Structure formats: structure tokens, C-alpha cells
Amino acid sequence: MTRRDWLLGAAAAPAFAAPRWKMRLSTSSVQFSSLPVEEACRKIAALGFEAIDFWPAYFKCPHLDEIENRLGADGLRELLAKTGLKLCAFTGYQTNYANYWDLLGKTGGGVIVRESKYGVFDKPAAEIKKLIETLKPDLELAERHGCYLAVENHGKAALSSLDSFKAFVDLAGHPRLGIALAPYHLQQEGIPVADVIRMVGPKLLFFYAWQFGKDTAQLPGIGPADFLPWLSALAGVRYDRYVNPFMHGHPPVDDMTEALAKSKRYLEDCYSRL
């Protein structure tokens, strides 16, 4: 290449071209809740996911209990190293989150996902303010252990409406507090998913690739939802954490494996078209 050709090429290039957004994929151990935690990790790694989100006994999933009571931080680090998985999150609902901060921190850090507050509220902003006040002890632990706390939206809960999302973004000033966004529940409420992604922006710590449907139709590429606009919105806010295909329910292991493989291929196809 001559100097003249190089200069012409440089002049034609965008002045402020941003690097391509990278989609990173994880999934949740609860999808294989009938298996011991070691086997669930092997299944998820074999499917090609980069990271894993571990679930608790509250959802009839033994994996967090197995980690806490049998593996400990050293055992979990060893299991992740053997399978090549990264630690995405610990999910715990209506449980003692204080038990998990030290374990999560010693295993490399990540996100703890929790519920907001269930119920129907006339003044969502006031409820969000009260919720954030109650989270202060956990946020101190999150900071101490180098982790993050993400609150999931849910139907009939404090974090569910557009007003409540706006209040959360305005009031959640702590740098380790954010949102775990569940499109399934947004669709239940008739709220556009991409709009919420753009609204919460930097406060987004976890994204469920999850749509309103029955059985495996909750998963991307199996149910009818078009995930391309959602991924485009994630790219637009430079979301830098995991996209997590997810469903509630417990199909047989082989059926779950096939469905997750199809879902992963679909998300990768969407990503290639961004």
C-alpha cells in the first residue's frame, strides 16, 4: 500500500468509529435443577455458554446449597476452572443474601439477583425509595466483596411499571446497585422491552433473554418474540454483562439441552445481523 492509498483510506474511515458491541452468553443452573451442580456445569459448558448463574433451593434447585455446604469457594473455583465457565451471578429470592456475599467475592465476584417487593402499589416511586433504603446493608457487603446487587422486575411488584423504573434509575445512586431485567414480565404488563433497556442504561446488570410464553416457548428462537430489537437496544447502551437465555419449568434434561442449543443459535444469528 502506498502512502497516498493509506491516506485516502484513513480519510474515508469514520472519525469516531466505536468497537463492535460484544454479546456474551450465560444461562442459569436452574435449567438443569435435576442434576448435581457439577453435571449442570458440564452441560452448560458443553452447550458453549461462557458463564453460569447459580440458583437456590427456593426454586427447587439444589445448586447454591451444594456450593455453600459442600464445595465452598475453593471447590467452586475448581469446578469453574475444569468446565471453563465464568461466574455470572448467584440468584436468590426471599433468602438471606448475606450468606452469599463472601462466597461470591472469594470466587471472583459477580452479581447477586434478588426480588424487589411484591404487591400492587399506588405510589411506585415511594416504594422504590423505601426498597433502596432496605438494601443498604447488602450494598455495604457488595462493596466490601467487590460484587453487585441487581433487583429484578416482576409483575405485581414495586419494580414493574415505567414510573418505577424511572424512580429506580433516579434514586439508585450506589454504583453497585442495578437492575436485572426480565422481558417476560414487561410483556405481561404491555411495556416495550427496548424502551426500558434504553431507560435503565448503565444500571442494567443482568439481562434475561426470556419471553412471555409457555414451556420452552419462553426461550429465544422458540417463542414468537423478535429479540433483534432487544439486542440492538443492549448494543446501544453498551451493555457489558451477560445475555442469559432463561425459562421457568423443568423439561427433561435432553429436551432442555436441545431447546437451549436452539436458543443459543438463534441469539447468535440475531447478533450477526446487528
# chains A, B, ... in the order shown; residues from 1 in each chain; ligands from 1

$ closest_atom_pairs --of "range 89-146 of chain A" --to "range 151-174 of chain A" --cutoff "7 Å" --atoms "only C-alpha atoms" --output "CSV"
residue,atom,partner,partner_atom,distance
A:Val113,CA,A:Val151,CA,5.9
A:Arg114,CA,A:Val151,CA,5.1
A:Glu115,CA,A:Glu152,CA,5.3
A:Ser116,CA,A:Val151,CA,5.8
A:Lys117,CA,A:Ala158,CA,5.3
A:Tyr118,CA,A:Ala157,CA,4.1
A:Gly119,CA,A:Ala157,CA,4.9
A:Val120,CA,A:Lys156,CA,5.3
A:Phe121,CA,A:Ala158,CA,6.7
A:Pro124,CA,A:Ser164,CA,5.2
A:Ala125,CA,A:Ala167,CA,5.2
A:Glu127,CA,A:Ala158,CA,6.2
A:Ile128,CA,A:Phe168,CA,6.2
A:Lys129,CA,A:Leu171,CA,6.8
A:Ile132,CA,A:Ala172,CA,6.9

$ closest_atom_pairs --of "range 158-255 of chain A" --to "range 89-99 of chain A" --cutoff "12 Å" --atoms "only C-alpha atoms" --output "CSV"
residue,atom,partner,partner_atom,distance
A:Ala180,CA,A:Thr91,CA,10.3
A:Leu205,CA,A:Ala89,CA,9.9
A:Phe206,CA,A:Ala89,CA,8.6
A:Phe207,CA,A:Ala89,CA,11.3
A:Tyr208,CA,A:Ala89,CA,12.0
A:Arg241,CA,A:Ala89,CA,10.5
A:Tyr242,CA,A:Ala89,CA,9.6
A:Val243,CA,A:Ala89,CA,11.9
A:Asn244,CA,A:Ala89,CA,10.5

$ atom_distance --atom1 "CA of Ala51 in chain A" --atom2 "CA of Ser26 in chain A"
4.5 Å

$ atom_distance --atom1 "CA of Val30 in chain A" --atom2 "CA of Phe54 in chain A"
7.1 Å

$ residues_around --residues "Ser34 in chain A" --least-positions-apart "3" --cutoff "9 Å" --atoms "only C-alpha atoms" --output "PyMOL selection string"
chain A and resi 30-31+40+60-62+250+252-253

$ write_last_selection --atoms "N, CA and C atoms" --output "PDB file, in the first residue's frame"
ATOM      1  N   VAL A  30     -30.631 -23.402  37.079  1.00  0.00           N
ATOM      2  CA  VAL A  30     -31.967 -23.937  37.349  1.00  0.00           C
ATOM      3  C   VAL A  30     -32.540 -24.655  36.135  1.00  0.00           C
ATOM      4  N   GLN A  31     -32.007 -24.381  34.941  1.00  0.00           N
ATOM      5  CA  GLN A  31     -32.482 -25.099  33.757  1.00  0.00           C
ATOM      6  C   GLN A  31     -32.151 -26.596  33.857  1.00  0.00           C
ATOM      7  N   ALA A  40     -24.601 -30.057  36.029  1.00  0.00           N
ATOM      8  CA  ALA A  40     -25.231 -28.883  35.421  1.00  0.00           C
ATOM      9  C   ALA A  40     -24.176 -27.990  34.769  1.00  0.00           C
ATOM     10  N   LYS A  60     -36.539 -24.981  44.012  1.00  0.00           N
ATOM     11  CA  LYS A  60     -36.303 -26.425  43.889  1.00  0.00           C
ATOM     12  C   LYS A  60     -35.047 -26.723  43.072  1.00  0.00           C
ATOM     13  N   CYS A  61     -34.059 -25.870  43.278  1.00  0.00           N
ATOM     14  CA  CYS A  61     -32.769 -26.051  42.619  1.00  0.00           C
ATOM     15  C   CYS A  61     -31.703 -26.175  43.707  1.00  0.00           C
ATOM     16  N   PRO A  62     -30.953 -27.267  43.754  1.00  0.00           N
ATOM     17  CA  PRO A  62     -30.041 -27.502  44.878  1.00  0.00           C
ATOM     18  C   PRO A  62     -28.690 -26.818  44.756  1.00  0.00           C
ATOM     19  N   HIS A 250     -39.407 -27.260  34.129  1.00  0.00           N
ATOM     20  CA  HIS A 250     -38.370 -28.297  34.227  1.00  0.00           C
ATOM     21  C   HIS A 250     -38.608 -29.404  33.206  1.00  0.00           C
ATOM     22  N   PRO A 252     -37.545 -32.480  30.636  1.00  0.00           N
ATOM     23  CA  PRO A 252     -36.478 -33.479  30.746  1.00  0.00           C
ATOM     24  C   PRO A 252     -35.145 -32.915  30.264  1.00  0.00           C
ATOM     25  N   VAL A 253     -34.056 -33.432  30.820  1.00  0.00           N
ATOM     26  CA  VAL A 253     -32.729 -32.882  30.549  1.00  0.00           C
ATOM     27  C   VAL A 253     -32.427 -32.819  29.052  1.00  0.00           C
TER      28      VAL A 253
END

$ select_by_dssp --residues "range 8-246 of chain A" --states "strand (DSSP E)" --output "PyMOL selection string"
chain A and resi 24-28+51-54+86-91+111-114+148-152+177-181+204-209+242-245

$ closest_atom_pairs --of "range 208-241 of chain A" --to "range 18-21 of chain A" --cutoff "10 Å" --atoms "only C-alpha atoms" --output "CSV"
residue,atom,partner,partner_atom,distance
A:Leu231,CA,A:Trp21,CA,9.9
A:Ser232,CA,A:Trp21,CA,9.4
A:Leu234,CA,A:Trp21,CA,8.7
A:Ala235,CA,A:Trp21,CA,5.6
A:Gly236,CA,A:Trp21,CA,8.4
A:Val237,CA,A:Trp21,CA,9.5
A:Arg238,CA,A:Trp21,CA,6.5
A:Tyr239,CA,A:Trp21,CA,8.1
A:Asp240,CA,A:Trp21,CA,8.3

$ write_last_selection --atoms "C-alpha atoms" --output "short mmCIF file (atom, residue, chain, number, x, y, z; two decimals), in the first residue's frame"
data_model
loop_
_atom_site.label_atom_id
_atom_site.label_comp_id
_atom_site.auth_asym_id
_atom_site.auth_seq_id
_atom_site.Cartn_x
_atom_site.Cartn_y
_atom_site.Cartn_z
CA LEU A 231 -30.17 -6.89 21.34
CA SER A 232 -29.91 -3.70 19.31
CA LEU A 234 -28.44 -3.56 24.52
CA ALA A 235 -25.77 -2.67 21.97
CA GLY A 236 -26.96 0.94 22.03
CA VAL A 237 -26.42 1.25 25.79
CA ARG A 238 -23.13 -0.70 25.56
CA TYR A 239 -24.40 -3.38 27.95
CA ASP A 240 -21.25 -5.17 29.08
#

$ closest_residue --among "A:Lys203, A:Arg176, A:His248, A:Lys86" --to "Asp215 in chain A" --atoms "only C-alpha atoms"
A:His248

$ closest_residue --among "A:Ala150, A:Leu204, A:Glu189, A:Gly48" --to "Glu268 in chain A" --atoms "only C-alpha atoms"
A:Gly48

$ atom_distance --atom1 "CA of Gly108 in chain A" --atom2 "CA of Lys264 in chain A"
25.3 Å

$ closest_residue --among "A:Lys136, A:Lys262, A:His145, A:His63" --to "Leu103 in chain A" --atoms "only C-alpha atoms"
A:His145

$ residues_around --residues "Ala261 in chain A" --least-positions-apart "2" --cutoff "12 Å" --atoms "only C-alpha atoms" --output "tab-separated table (two decimals) with C-alpha atoms, in the first residue's frame"
chain	number	residue	atom	x	y	z
A	25	LEU	CA	-23.93	-15.54	26.75
A	27	THR	CA	-27.51	-19.37	31.30
A	43	LYS	CA	-24.00	-29.46	30.46
A	44	ILE	CA	-23.91	-25.68	30.23
A	45	ALA	CA	-20.23	-25.63	29.26
A	46	ALA	CA	-20.81	-28.29	26.57
A	47	LEU	CA	-23.51	-26.08	25.05
A	48	GLY	CA	-20.91	-23.35	24.58
A	49	PHE	CA	-22.09	-20.80	27.14
A	216	THR	CA	-39.79	-23.87	26.10
A	219	LEU	CA	-36.83	-19.17	25.24
A	220	PRO	CA	-35.41	-17.02	22.41
A	221	GLY	CA	-35.90	-18.54	18.98
A	222	ILE	CA	-38.63	-20.91	20.14
A	245	PRO	CA	-31.44	-17.37	27.93
A	254	ASP	CA	-32.43	-33.88	26.87
A	255	ASP	CA	-35.33	-31.61	25.89
A	256	MET	CA	-33.84	-28.72	27.86
A	257	THR	CA	-30.45	-29.28	26.25
A	258	GLU	CA	-31.95	-29.24	22.75
A	259	ALA	CA	-34.03	-26.13	23.48
A	263	SER	CA	-31.98	-20.69	21.61
A	264	LYS	CA	-28.25	-20.02	21.62
A	265	ARG	CA	-28.03	-20.46	17.84
A	266	TYR	CA	-30.94	-18.04	17.39
A	267	LEU	CA	-29.33	-15.36	19.57
A	268	GLU	CA	-26.04	-15.75	17.69
